[in-house]
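Participant: Below are the structure tokens for one structure; questions will follow.
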Amino acid sequence: MSSKEKPTLGGQRIKTRKRNIAAPLDPAAFSDAVVQIYLDNDGDLELVAKSIESSDLNFSRYGDTFFEARILLHFFLSFFLVVFTGGRTQPGTTKPDEGERHPYSVLDCEAKRELILPSVIYIQKILRRRPFLIKNLENVMRRFLQSLEFFEENERVKLAIFTALAFSQKLSGLPPETVFQPLLKDNLVGKGLVLTFITEFFKEYLIDNSLDDLISILKRGKMEDNILDFFPSGKRSAEAFSEHFTKAGLVPLVEYNDKKIFEVKVKEMKSALTTQISEEADISEVIDTVKQHVKDAKLPDIEVVRILWDVLMDAVQWSGKNQQQNANLALRQVKTWAKLLNTFCTSGKLELELLYKVQVQCYEDTKLMKLFPEVVRSLYDQDVLAEDTILHWFAKGTNPKGRQSFVKALEPFVKWLEEAEEEE
């Protein structure tokens, strides 16, 4: 026994791991406690916020419940349902559930921004003190927006006002996709509920913010180019967009959309022409392409002239330093495509617009600055610019870019025109 371990009277002690015994989750009691705070303070949100701040409510625990246990009435949902509806709702719905309620919720007040704004500011205060709850706010917003059909019409208006004010107040970094993406449920869109909601949202948001601010939100929400997705599938057209938002008094949004459509069509036209010109397509084919795009896009004549000159000059393979070579390339391009320019420069006004385009390009592009008189002379020789147009520009041109130097450079040619006119 001496070489062996001696037995102990107490026996062998076995260490055991202590278990963390968590109290059962009770979001219903939590919700009722929040409601009671509202009732105790008669709905005064300043006092409610202070009472919540000084309470022993377990914010962090109930804020995480949704992710850990998938219990629907987790803390923040309970908290926001109290703010929005006055109390708990039945799981999976927006219908009232049992328990305490208060009459100071967003849905109980009138659909007026001055009555809903205090709730937004109140929530902002809570989030500033507990920023970790922003994710829970996103989940709550998502749930409400995906349940629009369960709200009454006036309640949807209140929700739209609240959402717009939330963005106006920059509610603790609420991501725009949290609002816009959940709205794209086919059944909600198809019933027109989403279009009505988003229209109210736009109108309310633009009271305090600019159109650029709204576009920024749409861009961050990945909806800037997809506003038509809010429309029922049978009404997704530029005409429907214009008619609907014009009636809603959102003319700046209509003008913005028209501009976007115009820019897209101009880009498509430039792309098609660039391909044809680089492939040296027959001029008649290019003219047909231009006419088709003008018809489809309803492009104004002045814009067509601008596009044609831009495309023709962009297609030139300019030399880096050889001024004479650049001059030859520019003049050859004008001569080659003179018929194209002639087809669409059908008035003195359009000819003058083309001359202004030449002036601006020669002013802004240093390698072309000295080519202005040669290009003008070439356009005259090819019957694209009339003598009267050139003389009018020389005497009364209104574009100031490089005008003084260009007028001086064009003097010999203008003098020749005037002398030729006198001889006739």
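Simple scheme: letters A, B, ... for chains in structure tokens order, numbers from 1 for residues in each chain, numbers from 1 for ligands in the order shown.
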Once you count only C-alpha atoms, what closest atom pair and distance in Å to one decimal does each residue of stretch 250-347 of chain A within 12 Å of stretch 185-203 of chain A have, with rows by chain and rising residue number, as JSON lines?
Facilitator:
```
{"residue": "A:Leu250", "atom": "CA", "partner": "A:Lys203", "partner_atom": "CA", "distance": 7.1}
{"residue": "A:Val251", "atom": "CA", "partner": "A:Lys203", "partner_atom": "CA", "distance": 10.8}
{"residue": "A:Pro252", "atom": "CA", "partner": "A:Lys203", "partner_atom": "CA", "distance": 11.1}
{"residue": "A:Leu253", "atom": "CA", "partner": "A:Phe202", "partner_atom": "CA", "distance": 9.2}
```
Participant: Go ahead and save the residues from that selection, with N, CA and C atoms, as a JSON list (two decimals), in the first residue's frame.
Facilitator:
```json
[["chain", "number", "residue", "atom", "x", "y", "z"],
["A", 250, "LEU", "N", -47.21, 65.70, -57.86],
["A", 250, "LEU", "CA", -45.76, 65.46, -57.82],
["A", 250, "LEU", "C", -45.13, 65.71, -59.18],
["A", 251, "VAL", "N", -45.38, 66.89, -59.73],
["A", 251, "VAL", "CA", -44.88, 67.24, -61.06],
["A", 251, "VAL", "C", -43.35, 67.18, -61.15],
["A", 252, "PRO", "N", -42.61, 67.65, -60.13],
["A", 252, "PRO", "CA", -41.14, 67.55, -60.22],
["A", 252, "PRO", "C", -40.65, 66.11, -60.40],
["A", 253, "LEU", "N", -41.34, 65.16, -59.77],
["A", 253, "LEU", "CA", -40.96, 63.76, -59.93],
["A", 253, "LEU", "C", -41.24, 63.29, -61.35]]
```
Participant: Quick one: distance from atom CA of A:Asp40 to atom CA of A:Leu165 in Å, one decimal?
Facilitator: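 Going from atom CA of A:Asp40 over to atom CA of A:Leu165 covers 26.8 Å.
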Participant: As a ChimeraX atom specification, please: every residue in stretch 210-272 of chain A that a backbone DSSP assignment puts in helix (DSSP H, G or I).
Facilitator: /A:211-220,227-230,233-235,238-247,251-272
Participant: A:Glu255: which residues within 10 Å, counting only C-alpha atoms, same-chain residues fewer than 6 positions away excluded, as a ChimeraX atom specification?
Facilitator: /A:242,246,261
Participant: Pick out the closest residue to A:Val140 from this set: A:Leu340, A:Ala248, A:Ala272, A:Val179. Count only C-alpha atoms.
Facilitator: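 Of A:Leu340, A:Ala248, A:Ala272, A:Val179, the one nearest A:Val140 is A:Val179, counting only C-alpha atoms.
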Participant: Counting only C-alpha atoms, figure out which residue out of A:Asp365, A:Glu418, A:Glu138, A:Glu374 gets nearest to A:Asn328.
Facilitator: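 Nearest candidate to A:Asn328 out of A:Asp365, A:Glu418, A:Glu138, A:Glu374: A:Glu374.
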Participant: Near A:Ala166, within 9 Å and counting only C-alpha atoms, which residues show up once chain neighbours fewer than 4 positions away are dropped, as a list of chain:residue names?
Facilitator: A:Leu117, A:Val120, A:Ile121, A:Gln124, A:Ile161, A:Phe162, A:Lys170, A:Leu171, A:Ser172, A:Leu174
Participant: For the contact check between stretch 215-267 of chain A and stretch 287-303 of chain A, emit one row per residue of stretch 215-267 of chain A within 9 Å, containing the shortest atom pair and the distance in Å rounded to one decimal, counting only C-alpha atoms, chain then rising number order, as JSON lines.
Facilitator:
```
{"residue": "A:Ile261", "atom": "CA", "partner": "A:Ala297", "partner_atom": "CA", "distance": 8.7}
{"residue": "A:Phe262", "atom": "CA", "partner": "A:Ala297", "partner_atom": "CA", "distance": 7.2}
{"residue": "A:Lys265", "atom": "CA", "partner": "A:Ala297", "partner_atom": "CA", "distance": 6.2}
{"residue": "A:Val266", "atom": "CA", "partner": "A:Ala297", "partner_atom": "CA", "distance": 8.1}
```
Participant: In terms of the shortest atom-to-atom distance over only C-alpha atoms, which of A:Tyr122, A:Val384, A:Asp212, A:Leu159 is closest to A:Lys339?
Facilitator: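 When distances to A:Lys339 are compared using only C-alpha atoms, the smallest one comes from A:Val384.
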Participant: Between atom CA of A:Asn399 and atom CA of A:Lys349, measure the distance and give it in Å to one decimal.
Facilitator: 14.1 Å
Participant: Skipping near chain neighbours, those fewer than 6 positions away, what residues fall within 10 Å of A:Leu308 using only C-alpha atoms, listed as a list in words?
Facilitator: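 Final neighbour list, sorted by chain and number: Met269, Lys270, Leu273, Thr274, Val290, Asp314, Trp337, Leu340, Leu341, Phe344 and Leu354 of chain A.
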Participant: As an exercise, work out the distance from atom CA of A:Lys158 to atom CA of A:Ala111 in Å and give it to one decimal place.
Facilitator: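 Value for the atom CA of A:Lys158-atom CA of A:Ala111 distance: 5.1 Å.
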Participant: So, counting only C-alpha atoms, which residue among A:Tyr205, A:Tyr356, A:Phe413, A:Phe144 is closest to A:Trp393?
Facilitator: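 Comparing A:Tyr205, A:Tyr356, A:Phe413, A:Phe144 against A:Trp393, the winner is A:Tyr356.
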